[in-house]
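For reference, protein-v1.txt (compact mmCIF, C-alpha atoms and all ligand atoms):
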# COMPACT_ATOMS: atom_id res chain seq x y z
CA MET I 1 0.00 0.00 0.00
CA LYS I 2 1.21 3.47 -0.68
CA LYS I 3 -0.30 6.89 -0.51
CA ILE I 4 -2.12 8.28 -3.51
CA LYS I 5 -0.15 10.69 -5.71
CA LEU I 6 -2.05 13.78 -6.75
CA SER I 7 -0.36 13.64 -10.13
CA SER I 8 -2.18 10.39 -10.85
CA LEU I 9 -5.55 12.08 -10.69
CA ALA I 10 -7.07 13.52 -13.82
CA VAL I 11 -9.60 15.35 -11.71
CA ALA I 12 -8.81 16.01 -8.08
CA THR I 13 -11.44 17.67 -5.96
CA LEU I 14 -10.47 20.50 -3.63
CA ALA I 15 -11.56 18.33 -0.77
CA LEU I 16 -9.13 15.65 -1.82
CA ILE I 17 -6.34 18.17 -2.24
CA SER I 18 -6.85 19.64 1.21
CA PHE I 19 -7.14 16.17 2.68
CA SER I 20 -4.01 15.01 0.94
CA CYS I 21 -1.79 17.82 2.16
CA GLY I 22 -0.04 17.04 5.39
CA ASN I 23 0.67 19.69 8.05
CA ASP I 24 3.96 20.38 6.38
CA GLY I 25 2.13 21.05 3.12
CA SER I 26 3.48 17.93 1.48
CA ALA I 27 1.21 16.03 -0.87
CA ASN I 28 0.97 13.03 1.38
CA SER I 29 -2.25 11.60 2.72
CA THR I 30 -2.74 11.43 6.46
CA GLN I 31 -3.61 7.75 6.35
CA THR I 32 -3.71 5.97 9.68
CA ASP I 33 -4.89 2.53 10.61
CA SER I 34 -7.88 3.86 12.50
CA ALA I 35 -11.20 2.45 11.36
CA THR I 36 -12.63 5.96 11.37
CA THR I 37 -10.53 7.26 8.49
CA ASN I 38 -13.04 6.59 5.77
CA GLN I 39 -11.53 9.33 3.61
CA SER I 40 -8.28 7.43 3.24
CA PRO I 41 -7.20 7.51 -0.37
CA MET I 42 -5.19 4.32 -0.44
CA THR I 43 -3.77 2.87 -3.60
CA ASN I 44 -1.33 0.16 -4.53
CA ASP I 45 0.24 -0.97 -7.75
CA PHE I 46 -1.46 -3.93 -9.38
CA GLY I 47 0.69 -4.46 -12.48
CA GLU I 48 0.32 -3.40 -16.07
CA VAL I 49 -2.00 -4.22 -19.01
CA ASP I 50 -1.72 -2.91 -22.60
CA GLY I 51 1.25 -0.80 -21.44
CA LYS I 52 -0.96 0.95 -18.89
CA LYS I 53 -0.50 0.95 -15.17
CA ILE I 54 -3.10 -0.90 -13.11
CA THR I 55 -3.82 0.45 -9.66
CA GLN I 56 -5.87 -1.00 -6.85
CA TYR I 57 -7.97 1.51 -4.91
CA THR I 58 -9.21 0.80 -1.40
CA LEU I 59 -12.46 2.32 -0.23
CA THR I 60 -12.88 2.09 3.55
CA ASN I 61 -15.93 3.16 5.54
CA LYS I 62 -16.32 4.08 9.19
CA ALA I 63 -17.23 0.52 10.16
CA GLY I 64 -13.95 -0.66 8.68
CA ASP I 65 -15.60 -2.41 5.73
CA GLU I 66 -13.27 -2.31 2.78
CA VAL I 67 -13.86 -2.55 -0.96
CA LYS I 68 -10.93 -2.87 -3.35
CA ILE I 69 -11.32 -1.95 -7.00
CA ILE I 70 -8.85 -1.98 -9.89
CA ASN I 71 -8.96 0.09 -13.05
CA TYR I 72 -8.51 -3.09 -15.15
CA GLY I 73 -12.09 -4.06 -16.00
CA GLY I 74 -13.35 -1.87 -13.13
CA ILE I 75 -13.08 -5.07 -11.12
CA VAL I 76 -14.15 -5.29 -7.47
CA THR I 77 -11.36 -7.54 -6.24
CA SER I 78 -12.52 -7.87 -2.63
CA TRP I 79 -15.15 -6.63 -0.20
CA VAL I 80 -14.22 -7.32 3.40
CA THR I 81 -17.04 -7.20 5.94
CA ALA I 82 -17.60 -8.61 9.41
CA ASP I 83 -19.79 -11.63 10.11
CA LYS I 84 -22.02 -11.87 13.19
CA ALA I 85 -19.06 -12.94 15.35
CA GLY I 86 -17.02 -9.95 14.15
CA ASN I 87 -14.70 -12.00 11.91
CA ARG I 88 -13.75 -10.18 8.74
CA SER I 89 -13.46 -11.76 5.31
CA SER I 90 -14.29 -11.00 1.72
CA VAL I 91 -17.82 -11.71 0.56
CA VAL I 92 -16.88 -11.62 -3.12
CA LEU I 93 -14.70 -13.98 -5.14
CA GLY I 94 -11.53 -12.36 -6.40
CA PHE I 95 -7.79 -12.46 -6.65
CA ASP I 96 -5.08 -10.45 -4.95
CA LYS I 97 -2.85 -10.62 -8.06
CA LEU I 98 -3.52 -9.34 -11.57
CA GLU I 99 -2.59 -12.72 -13.09
CA GLY I 100 -5.81 -14.19 -11.71
CA TYR I 101 -7.77 -11.84 -13.91
CA LEU I 102 -5.77 -12.46 -17.09
CA ALA I 103 -6.75 -16.14 -17.41
CA PRO I 104 -9.93 -16.90 -19.42
CA PRO I 105 -12.30 -15.08 -17.16
CA PRO I 106 -15.37 -15.99 -15.25
CA TYR I 107 -15.80 -12.16 -15.05
CA PHE I 108 -15.15 -12.04 -11.28
CA GLY I 109 -16.22 -8.61 -9.98
CA ALA I 110 -15.97 -6.96 -13.39
CA LEU I 111 -17.86 -4.22 -15.14
CA ILE I 112 -19.68 -5.76 -18.07
CA GLY I 113 -20.36 -3.98 -21.34
CA ARG I 114 -21.22 -2.87 -23.88
CA TYR I 115 -23.92 -5.52 -23.44
CA GLY I 116 -24.35 -7.70 -20.36
CA ASN I 117 -25.28 -11.32 -21.19
CA ARG I 118 -25.96 -12.81 -24.64
CA ILE I 119 -26.94 -11.53 -28.05
CA ALA I 120 -28.09 -14.45 -30.22
CA GLY I 121 -25.84 -15.38 -33.11
CA GLY I 122 -23.79 -12.24 -32.42
CA LYS I 123 -26.11 -10.28 -34.70
CA PHE I 124 -28.82 -7.67 -34.43
CA LYS I 125 -30.62 -5.30 -36.78
CA LEU I 126 -30.94 -1.62 -36.05
CA ASN I 127 -32.24 1.07 -38.42
CA ASP I 128 -32.12 -1.39 -41.35
CA THR I 129 -28.46 -2.26 -40.78
CA THR I 130 -27.44 -5.70 -39.55
CA TYR I 131 -24.52 -5.51 -37.14
CA THR I 132 -22.20 -8.47 -36.59
CA LEU I 133 -20.61 -8.73 -33.17
CA ALA I 134 -17.72 -10.82 -31.90
CA THR I 135 -18.95 -14.33 -31.04
CA ASN I 136 -17.23 -15.57 -27.89
CA ASN I 137 -19.78 -18.02 -26.47
CA GLY I 138 -20.44 -20.70 -29.06
CA ARG I 139 -22.32 -18.92 -31.82
CA ASN I 140 -23.43 -16.15 -29.47
CA HIS I 141 -22.03 -12.89 -28.21
CA LEU I 142 -21.52 -12.76 -24.43
CA HIS I 143 -20.75 -9.87 -22.07
CA GLY I 144 -19.46 -7.47 -24.74
CA GLY I 145 -17.33 -9.88 -26.78
CA ASN I 146 -13.69 -10.91 -26.87
CA LYS I 147 -12.50 -7.76 -25.17
CA GLY I 148 -15.47 -6.47 -23.27
CA PHE I 149 -15.40 -3.71 -20.67
CA ASP I 150 -14.17 -6.32 -18.16
CA LYS I 151 -10.84 -6.54 -20.03
CA VAL I 152 -10.06 -2.91 -20.80
CA VAL I 153 -8.11 -0.40 -18.77
CA TRP I 154 -10.39 2.34 -17.47
CA ASP I 155 -9.20 5.90 -16.77
CA VAL I 156 -9.60 6.96 -13.19
CA THR I 157 -11.16 10.41 -13.31
CA ALA I 158 -11.73 10.78 -9.57
CA ALA I 159 -10.25 8.69 -6.82
CA PRO I 160 -11.28 7.97 -3.23
CA SER I 161 -12.11 11.27 -1.60
CA ALA I 162 -13.46 12.77 1.58
CA GLY I 163 -16.96 11.81 2.70
CA ASN I 164 -18.18 8.54 1.32
CA PRO I 165 -15.12 7.09 -0.39
CA SER I 166 -15.67 6.64 -4.12
CA ILE I 167 -13.87 6.10 -7.38
CA THR I 168 -14.98 7.20 -10.84
CA LEU I 169 -13.89 5.24 -13.88
CA HIS I 170 -14.18 6.31 -17.49
CA TYR I 171 -13.91 4.39 -20.76
CA LEU I 172 -14.46 5.43 -24.35
CA SER I 173 -15.62 2.45 -26.37
CA LYS I 174 -14.81 3.26 -29.99
CA ASP I 175 -17.19 3.04 -32.94
CA GLY I 176 -16.94 -0.52 -34.27
CA GLU I 177 -15.41 -2.01 -31.10
CA GLU I 178 -16.44 -5.70 -30.91
CA GLY I 179 -18.81 -4.85 -33.80
CA TYR I 180 -20.96 -2.24 -32.02
CA PRO I 181 -21.96 1.03 -33.68
CA GLY I 182 -21.04 4.41 -32.23
CA ASN I 183 -18.51 5.88 -29.85
CA LEU I 184 -19.87 5.08 -26.41
CA ASP I 185 -18.60 7.28 -23.60
CA VAL I 186 -19.03 5.46 -20.29
CA THR I 187 -18.57 6.57 -16.69
CA VAL I 188 -19.02 4.35 -13.67
CA THR I 189 -18.79 5.52 -10.05
CA TYR I 190 -18.41 3.13 -7.15
CA THR I 191 -19.15 4.53 -3.68
CA LEU I 192 -18.93 2.74 -0.34
CA THR I 193 -21.24 4.19 2.32
CA ASP I 194 -20.99 3.88 6.08
CA ALA I 195 -24.04 1.58 5.93
CA ASN I 196 -21.83 -0.84 3.95
CA GLU I 197 -23.61 -0.19 0.67
CA LEU I 198 -21.64 -0.40 -2.53
CA ARG I 199 -23.41 2.04 -4.85
CA ILE I 200 -22.69 1.73 -8.56
CA VAL I 201 -23.76 4.54 -10.87
CA TYR I 202 -23.50 3.97 -14.62
CA ASP I 203 -23.73 6.80 -17.19
CA ALA I 204 -23.19 6.71 -20.93
CA THR I 205 -23.72 8.70 -24.12
CA THR I 206 -23.27 7.73 -27.75
CA ASP I 207 -22.92 9.35 -31.17
CA LYS I 208 -24.80 6.55 -33.02
CA ALA I 209 -27.72 4.40 -31.92
CA THR I 210 -26.35 1.34 -30.10
CA PRO I 211 -27.44 -1.31 -27.60
CA VAL I 212 -26.17 -0.67 -24.08
CA ASN I 213 -26.66 -2.92 -21.07
CA LEU I 214 -24.13 -2.34 -18.31
CA THR I 215 -23.76 -4.38 -15.15
CA ASN I 216 -21.32 -5.68 -12.55
CA HIS I 217 -20.44 -9.36 -12.36
CA SER I 218 -19.48 -9.81 -8.69
CA TYR I 219 -19.76 -13.35 -7.35
CA PHE I 220 -20.87 -13.31 -3.72
CA ASN I 221 -20.23 -15.93 -1.09
CA LEU I 222 -21.62 -14.60 2.16
CA THR I 223 -19.80 -17.22 4.22
CA GLY I 224 -16.63 -15.32 3.32
CA ASP I 225 -14.88 -18.61 2.59
CA VAL I 226 -14.66 -20.13 -0.88
CA ALA I 227 -14.40 -23.59 0.72
CA ASN I 228 -18.19 -23.34 1.19
CA THR I 229 -20.80 -23.38 -1.55
CA ILE I 230 -23.64 -20.87 -1.63
CA LEU I 231 -26.26 -23.62 -1.79
CA ASN I 232 -27.36 -23.02 1.82
CA HIS I 233 -27.90 -19.30 1.26
CA LYS I 234 -31.53 -18.21 1.29
CA LEU I 235 -32.57 -16.11 -1.71
CA GLN I 236 -35.57 -13.88 -2.25
CA ILE I 237 -36.25 -12.15 -5.60
CA ALA I 238 -39.24 -9.88 -6.17
CA ALA I 239 -40.14 -11.26 -9.58
CA ASP I 240 -43.32 -13.02 -10.69
CA ARG I 241 -41.84 -13.93 -14.08
CA TYR I 242 -38.57 -14.92 -15.69
CA THR I 243 -37.27 -15.31 -19.24
CA PRO I 244 -36.94 -19.03 -20.09
CA VAL I 245 -33.94 -19.86 -22.30
CA ASP I 246 -33.02 -22.35 -25.01
CA ARG I 247 -30.00 -24.65 -24.79
CA GLY I 248 -27.66 -21.82 -25.79
CA LEU I 249 -29.07 -19.75 -22.90
CA ILE I 250 -30.87 -17.39 -25.30
CA PRO I 251 -34.34 -16.28 -24.12
CA THR I 252 -37.22 -17.87 -26.00
CA GLY I 253 -39.06 -14.54 -25.83
CA GLU I 254 -41.63 -15.79 -23.35
CA LEU I 255 -42.13 -14.10 -19.98
CA LYS I 256 -43.08 -17.10 -17.89
CA ALA I 257 -44.72 -17.15 -14.47
CA VAL I 258 -42.42 -18.49 -11.74
CA ALA I 259 -45.35 -19.68 -9.61
CA GLY I 260 -45.19 -23.41 -8.99
CA THR I 261 -41.68 -23.73 -10.50
CA PRO I 262 -38.16 -23.97 -8.98
CA PHE I 263 -37.68 -20.38 -10.20
CA ASP I 264 -40.07 -18.92 -7.66
CA PHE I 265 -38.04 -16.98 -5.07
CA ASN I 266 -40.77 -14.55 -4.06
CA THR I 267 -40.58 -16.19 -0.67
CA ALA I 268 -37.03 -16.57 0.63
CA THR I 269 -35.89 -20.11 -0.26
CA VAL I 270 -32.63 -21.97 0.11
CA ILE I 271 -30.81 -21.90 -3.26
CA GLY I 272 -29.91 -25.60 -3.14
CA GLU I 273 -33.43 -26.78 -2.35
CA ARG I 274 -34.68 -27.04 -5.95
CA ILE I 275 -31.48 -26.53 -7.96
CA ALA I 276 -31.42 -30.18 -9.07
CA GLN I 277 -34.68 -29.51 -10.92
CA VAL I 278 -33.00 -26.80 -13.01
CA PRO I 279 -30.78 -28.40 -15.67
CA GLY I 280 -27.29 -26.88 -15.38
CA GLY I 281 -28.29 -24.78 -12.36
CA TYR I 282 -29.72 -21.27 -12.18
CA ASP I 283 -28.58 -18.93 -14.94
CA HIS I 284 -31.75 -17.01 -15.65
CA ASN I 285 -33.00 -13.49 -16.05
CA TYR I 286 -35.78 -12.49 -13.69
CA VAL I 287 -38.40 -10.01 -14.84
CA LEU I 288 -38.42 -7.74 -11.83
CA ASN I 289 -41.83 -6.59 -10.65
CA GLY I 290 -42.31 -2.92 -11.50
CA GLY I 291 -40.12 -2.97 -14.64
CA LYS I 292 -37.59 -0.21 -15.26
CA THR I 293 -37.81 2.45 -12.57
CA THR I 294 -36.34 5.92 -12.11
CA ALA I 295 -35.68 5.35 -8.41
CA LEU I 296 -33.83 2.54 -6.71
CA ARG I 297 -35.97 -0.17 -5.19
CA SER I 298 -35.08 -3.34 -3.32
CA VAL I 299 -35.37 -6.39 -5.60
CA ALA I 300 -33.51 -9.21 -3.88
CA THR I 301 -32.05 -10.35 -0.58
CA VAL I 302 -29.73 -13.23 0.19
CA THR I 303 -29.04 -14.49 3.70
CA ASP I 304 -26.45 -16.86 5.11
CA SER I 305 -27.61 -17.96 8.53
CA VAL I 306 -24.18 -19.28 9.62
CA SER I 307 -22.26 -16.02 9.13
CA GLY I 308 -25.38 -13.90 9.70
CA ARG I 309 -24.54 -11.85 6.62
CA GLN I 310 -27.26 -10.55 4.38
CA LEU I 311 -26.98 -9.02 0.93
CA GLU I 312 -29.66 -6.70 -0.37
CA VAL I 313 -29.79 -5.67 -4.04
CA GLN I 314 -31.43 -2.46 -5.16
CA THR I 315 -31.70 -1.37 -8.78
CA MET I 316 -33.55 0.70 -11.38
CA GLU I 317 -33.17 -2.06 -13.97
CA PRO I 318 -36.07 -4.26 -15.16
CA GLY I 319 -34.06 -7.52 -14.98
CA LEU I 320 -31.82 -9.51 -12.68
CA GLN I 321 -29.63 -12.40 -13.81
CA PHE I 322 -29.42 -14.99 -11.07
CA TYR I 323 -26.39 -17.15 -11.81
CA SER I 324 -25.44 -19.88 -9.35
CA GLY I 325 -21.78 -20.22 -10.39
CA ASN I 326 -22.50 -23.30 -12.50
CA PHE I 327 -19.41 -23.03 -14.70
CA LEU I 328 -16.94 -22.77 -11.82
CA ASP I 329 -15.21 -26.15 -11.85
CA GLY I 330 -12.28 -26.00 -9.46
CA THR I 331 -9.73 -25.04 -12.12
CA LEU I 332 -9.31 -21.55 -10.73
CA LYS I 333 -7.61 -21.31 -7.36
CA SER I 334 -8.35 -18.84 -4.59
CA ASN I 335 -5.64 -16.63 -3.07
CA ALA I 336 -5.15 -19.35 -0.45
CA GLY I 337 -4.79 -22.00 -3.18
CA GLN I 338 -8.20 -23.63 -2.69
CA PRO I 339 -10.07 -24.78 -5.81
CA ILE I 340 -12.95 -22.47 -6.68
CA ASN I 341 -15.59 -25.13 -7.14
CA LYS I 342 -19.04 -25.17 -8.70
CA HIS I 343 -21.62 -23.09 -6.79
CA THR I 344 -19.05 -21.38 -4.56
CA GLY I 345 -20.34 -17.98 -5.68
CA PHE I 346 -23.60 -16.52 -6.96
CA CYS I 347 -24.21 -13.45 -9.10
CA LEU I 348 -27.18 -11.12 -9.10
CA GLU I 349 -26.51 -9.01 -12.19
CA THR I 350 -28.86 -6.06 -12.54
CA GLN I 351 -29.64 -5.62 -16.22
CA HIS I 352 -32.00 -5.38 -19.16
CA PHE I 353 -33.03 -8.75 -20.53
CA PRO I 354 -30.56 -10.89 -22.50
CA ASP I 355 -30.82 -10.65 -26.31
CA SER I 356 -33.10 -7.59 -26.15
CA PRO I 357 -31.77 -6.21 -29.48
CA ASN I 358 -33.41 -9.25 -31.15
CA GLN I 359 -36.53 -9.38 -28.97
CA PRO I 360 -38.95 -6.60 -29.91
CA SER I 361 -41.26 -7.37 -26.97
CA PHE I 362 -38.49 -6.83 -24.37
CA PRO I 363 -37.78 -3.34 -22.93
CA SER I 364 -35.48 -1.57 -25.39
CA THR I 365 -31.74 -1.38 -24.77
CA ILE I 366 -31.06 1.05 -27.62
CA LEU I 367 -29.38 4.28 -26.62
CA GLN I 368 -29.85 7.10 -29.14
CA PRO I 369 -27.49 10.03 -29.71
CA GLY I 370 -28.60 12.89 -27.45
CA GLN I 371 -30.03 10.50 -24.85
CA LYS I 372 -28.37 9.82 -21.52
CA TYR I 373 -28.01 6.27 -20.25
CA HIS I 374 -28.22 6.34 -16.47
CA THR I 375 -28.76 3.50 -14.08
CA GLU I 376 -27.86 2.74 -10.48
CA THR I 377 -27.44 -0.40 -8.44
CA VAL I 378 -26.76 -0.84 -4.74
CA TYR I 379 -25.38 -3.94 -3.06
CA LYS I 380 -25.74 -3.69 0.71
CA VAL I 381 -24.17 -6.16 3.11
CA SER I 382 -25.36 -6.24 6.70
CA VAL I 383 -25.49 -8.66 9.59
CA VAL I 384 -28.80 -10.08 10.75
CA ARG I 385 -29.09 -11.88 14.06
C1 LIG K 1 -23.40 -14.82 -16.86
C2 LIG K 1 -24.02 -15.77 -17.80
C3 LIG K 1 -23.53 -17.13 -17.54
C4 LIG K 1 -22.02 -17.20 -17.58
C5 LIG K 1 -21.46 -16.21 -16.62
C6 LIG K 1 -19.97 -16.12 -16.72
O1 LIG K 1 -23.93 -14.87 -15.64
O2 LIG K 1 -25.43 -15.72 -17.78
O3 LIG K 1 -24.08 -18.02 -18.46
O4 LIG K 1 -21.59 -16.93 -18.87
O5 LIG K 1 -21.99 -14.95 -16.88
O6 LIG K 1 -19.35 -17.35 -16.62
Could I get this structure in the form of structure tokens?
Amino acid sequence: MKKIKLSSLAVATLALISFSCGNDGSANSTQTDSATTNQSPMTNDFGEVDGKKITQYTLTNKAGDEVKIINYGGIVTSWVTADKAGNRSSVVLGFDKLEGYLAPPPYFGALIGRYGNRIAGGKFKLNDTTYTLATNNGRNHLHGGNKGFDKVVWDVTAAPSAGNPSITLHYLSKDGEEGYPGNLDVTVTYTLTDANELRIVYDATTDKATPVNLTNHSYFNLTGDVANTILNHKLQIAADRYTPVDRGLIPTGELKAVAGTPFDFNTATVIGERIAQVPGGYDHNYVLNGGKTTALRSVATVTDSVSGRQLEVQTMEPGLQFYSGNFLDGTLKSNAGQPINKHTGFCLETQHFPDSPNQPSFPSTILQPGQKYHTETVYKVSVVR
């Protein structure tokens, strides 16, 4: 860990400048180990990608909860919180070395774009033009293609500052990148509040009509230990319908009622209870009640009774991908060298529905020039007794 250098900031707020100047006027932060220094702008080197420096930023709140984020892929590499006994560990899967993220990725903690989830056949038609995207998942396009937003180096336009610590990342996705039309200018801000909420604000503009569907792909394991699966976690999702998929995980177009099926999580239910009835495990988009909203609302909660930790998800998005870590197979190893096995993490990806550009009945994901894409998601971790 070292102290943040002002020169590394493209935009430094006055608050940050005054905070960063020591009594002697030097540009050093006044970082201490006290749990009350939530303003602490801590950074450490995390390697290099595409000739660009990767830095890890640590956001710390008053409770001592700590979120680490790198500017490679905008990845949340860890989120350390206390369990009911006061033991601290990370509730997300991640690596403490860059190398972990350079292997073929399961998208741990990453920002996903330009389009979260699949676009069938890697093709869509917009304004009478058929666009061909990179196909990186069989014949389909997944999570933005070969080099999606999870694999690019983001600019850091504002770093952890006074008040709620936050970091703002920026990326310009060029016209034609991975086959998409238009220059898409994207900004994402992560903020950690004292209530242990990780707030993610996504903004984007374009100069040509293009699909946009941004999300974060954190895998949670509320036990804080990857040796445990998430199958005993209890999940509740406020969704009366979901989008059934074909064998390639492309929605059939139907919005199907969850009632009477293993997809019904309206009442909190243990994830493992009915998973055997779902071929391959859960990897489905839920049609959130209320559709797209302009204000955040709570859409899901997950509870682990052993650690006492609870995750609440709030979003403005109309969809939520519940993925039960089905493709994790023990090949990847945790920081401690343990195999990261099947179902040792779950994702709740706030989003528009998969394959929307080819599904006229789904809420539109097309961003037009002059429009502003704006969406927010909050992940809140607390302890319930
Ligand atoms: C999403 C998809 C899954 C899988 C994971 C990444 O959640 O829906 O099918 O591709 O990402 O492994």
With only C-alpha atoms and all ligand atoms counted and 7 Å as the cut-off, give the residues of chain I in contact with ligand LIG 1 (chain K), each with its shortest interatomic distance in Å and the pair that gives it, as a Markdown table.
| residue | atom | partner | partner_atom | distance |
| --- | --- | --- | --- | --- |
| I:Pro106 | CA | K:LIG1 | O6 | 4.4 |
| I:Tyr107 | CA | K:LIG1 | C6 | 6.0 |
| I:Asn117 | CA | K:LIG1 | O2 | 5.6 |
| I:Leu142 | CA | K:LIG1 | O4 | 7.0 |
| I:Leu249 | CA | K:LIG1 | O3 | 6.9 |
| I:Asp283 | CA | K:LIG1 | O2 | 5.3 |
| I:His284 | CA | K:LIG1 | O2 | 6.8 |
| I:Gln321 | CA | K:LIG1 | O1 | 6.5 |
| I:Tyr323 | CA | K:LIG1 | O1 | 5.1 |
| I:Phe327 | CA | K:LIG1 | O6 | 6.0 |
| I:Cys347 | CA | K:LIG1 | O1 | 6.7 |
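Here CA of Arg297 (chain I) and CA of Gly272 (chain I) stand 26.2 Å from one another.
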Give me, as an MDAnalysis selection string, all polymer residues having an atom no more than 9 Å from region 72-85 of chain I, counting all atoms listed in the file and skipping those fewer than 2 positions away in the same chain. chainID I and resid 48:49 53:56 63:70 87:96 98 101 107:112 148:154 169 188 196 216:218 222:224 306:309 381:385
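By chain and then residue number, the residues within 8 Å of Gln351 (chain I) are Gly116, Asn213, Leu214, Thr215, Glu317, Pro318, Gly319, Leu320 and Gln321 of chain I, counting only C-alpha atoms and disregarding those fewer than 3 positions away in sequence.
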Measuring between only C-alpha atoms, which one of I:Ile250, I:Val378, I:Ala159, I:Met42 shows the shortest distance to Gln359 (chain I)? I:Ile250
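If you measure from each of I:Val156, I:Asn341, I:Arg274, I:Asp203 to Gly260 (chain I) using all atoms listed in the file, the closest one turns out to be I:Arg274.
Pairwise distance (CA of Thr60 (chain I), CA of Asp155 (chain I)) equals 21.0 Å.
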Mind pulling up the distance from CA of Leu126 (chain I) to CA of Gly113 (chain I)? 18.3 Å
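Residues surrounding Lys256 (chain I) within 6 Å are Arg241, Tyr242 and Glu254 of chain I [all atoms listed in the file; sequence separation below 2 positions excluded].
Considering all atoms listed in the file, the residue among I:Arg114, I:His143, I:Pro160, I:Gly100 positioned nearest to Asn61 (chain I) is I:Pro160.
Using only C-alpha atoms, the nearest neighbour of Tyr286 (chain I) within the list I:Leu348, I:Ala336, I:Leu192, I:Val313 is I:Leu348.
Within 9 Å of Thr189 (chain I), once all atoms listed in the file are used and residues closer than 6 positions along the same chain are dropped, the contacting residues are Ala158, Ser166, Ile167, Thr168, Leu169, His170, Arg199, Ile200, Val201, Tyr202 and Asp203 of chain I.
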How about saving the chosen residues, C-alpha atoms kept, as a compact mmCIF listing (two decimals), keeping the file's coordinate frame?
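Saved result, part_16.txt, follows:
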# COMPACT_ATOMS: atom_id res chain seq x y z
CA ALA I 158 -11.73 10.78 -9.57
CA SER I 166 -15.67 6.64 -4.12
CA ILE I 167 -13.87 6.10 -7.38
CA THR I 168 -14.98 7.20 -10.84
CA LEU I 169 -13.89 5.24 -13.88
CA HIS I 170 -14.18 6.31 -17.49
CA ARG I 199 -23.41 2.04 -4.85
CA ILE I 200 -22.69 1.73 -8.56
CA VAL I 201 -23.76 4.54 -10.87
CA TYR I 202 -23.50 3.97 -14.62
CA ASP I 203 -23.73 6.80 -17.19
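Of the residues listed (I:Gly138, I:Gly179, I:Gly325, I:Gly51), I:Gly325 shows the shortest atom-to-atom separation from Gly280 (chain I); distances use all atoms listed in the file.
Proximity ranking of I:Val258, I:Val278, I:Ala300, I:Leu328 relative to Gln236 (chain I) places I:Ala300 first, based on only C-alpha atoms.
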Can you complete the atoms of region 365-376 of chain I to N, CA and C atoms and list them as a PDB file, in the coordinates of the input?
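Result went into rebuild.pdb, see below:
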ATOM      1  N   THR I 365     -33.078  -1.689 -25.299  1.00  0.00           N
ATOM      2  CA  THR I 365     -31.740  -1.380 -24.770  1.00  0.00           C
ATOM      3  C   THR I 365     -31.009  -0.419 -25.699  1.00  0.00           C
ATOM      4  N   ILE I 366     -31.735   0.176 -26.647  1.00  0.00           N
ATOM      5  CA  ILE I 366     -31.060   1.050 -27.620  1.00  0.00           C
ATOM      6  C   ILE I 366     -30.911   2.459 -27.053  1.00  0.00           C
ATOM      7  N   LEU I 367     -29.680   2.910 -27.035  1.00  0.00           N
ATOM      8  CA  LEU I 367     -29.380   4.280 -26.620  1.00  0.00           C
ATOM      9  C   LEU I 367     -29.203   5.113 -27.885  1.00  0.00           C
ATOM     10  N   GLN I 368     -29.914   6.230 -27.962  1.00  0.00           N
ATOM     11  CA  GLN I 368     -29.850   7.100 -29.140  1.00  0.00           C
ATOM     12  C   GLN I 368     -28.903   8.272 -28.855  1.00  0.00           C
ATOM     13  N   PRO I 369     -28.290   8.826 -29.903  1.00  0.00           N
ATOM     14  CA  PRO I 369     -27.490  10.030 -29.710  1.00  0.00           C
ATOM     15  C   PRO I 369     -28.368  11.122 -29.072  1.00  0.00           C
ATOM     16  N   GLY I 370     -27.825  11.842 -28.134  1.00  0.00           N
ATOM     17  CA  GLY I 370     -28.600  12.890 -27.450  1.00  0.00           C
ATOM     18  C   GLY I 370     -29.261  12.378 -26.178  1.00  0.00           C
ATOM     19  N   GLN I 371     -29.448  11.057 -26.086  1.00  0.00           N
ATOM     20  CA  GLN I 371     -30.030  10.500 -24.850  1.00  0.00           C
ATOM     21  C   GLN I 371     -28.917  10.231 -23.839  1.00  0.00           C
ATOM     22  N   LYS I 372     -29.342  10.153 -22.579  1.00  0.00           N
ATOM     23  CA  LYS I 372     -28.370   9.820 -21.520  1.00  0.00           C
ATOM     24  C   LYS I 372     -28.754   8.486 -20.907  1.00  0.00           C
ATOM     25  N   TYR I 373     -27.812   7.547 -20.952  1.00  0.00           N
ATOM     26  CA  TYR I 373     -28.010   6.270 -20.250  1.00  0.00           C
ATOM     27  C   TYR I 373     -27.640   6.526 -18.795  1.00  0.00           C
ATOM     28  N   HIS I 374     -28.522   6.181 -17.897  1.00  0.00           N
ATOM     29  CA  HIS I 374     -28.220   6.340 -16.470  1.00  0.00           C
ATOM     30  C   HIS I 374     -28.906   5.216 -15.707  1.00  0.00           C
ATOM     31  N   THR I 375     -28.144   4.513 -14.939  1.00  0.00           N
ATOM     32  CA  THR I 375     -28.760   3.500 -14.080  1.00  0.00           C
ATOM     33  C   THR I 375     -27.907   3.325 -12.826  1.00  0.00           C
ATOM     34  N   GLU I 376     -28.563   2.907 -11.756  1.00  0.00           N
ATOM     35  CA  GLU I 376     -27.860   2.740 -10.480  1.00  0.00           C
ATOM     36  C   GLU I 376     -28.205   1.391  -9.861  1.00  0.00           C
TER      37      GLU I 376
END
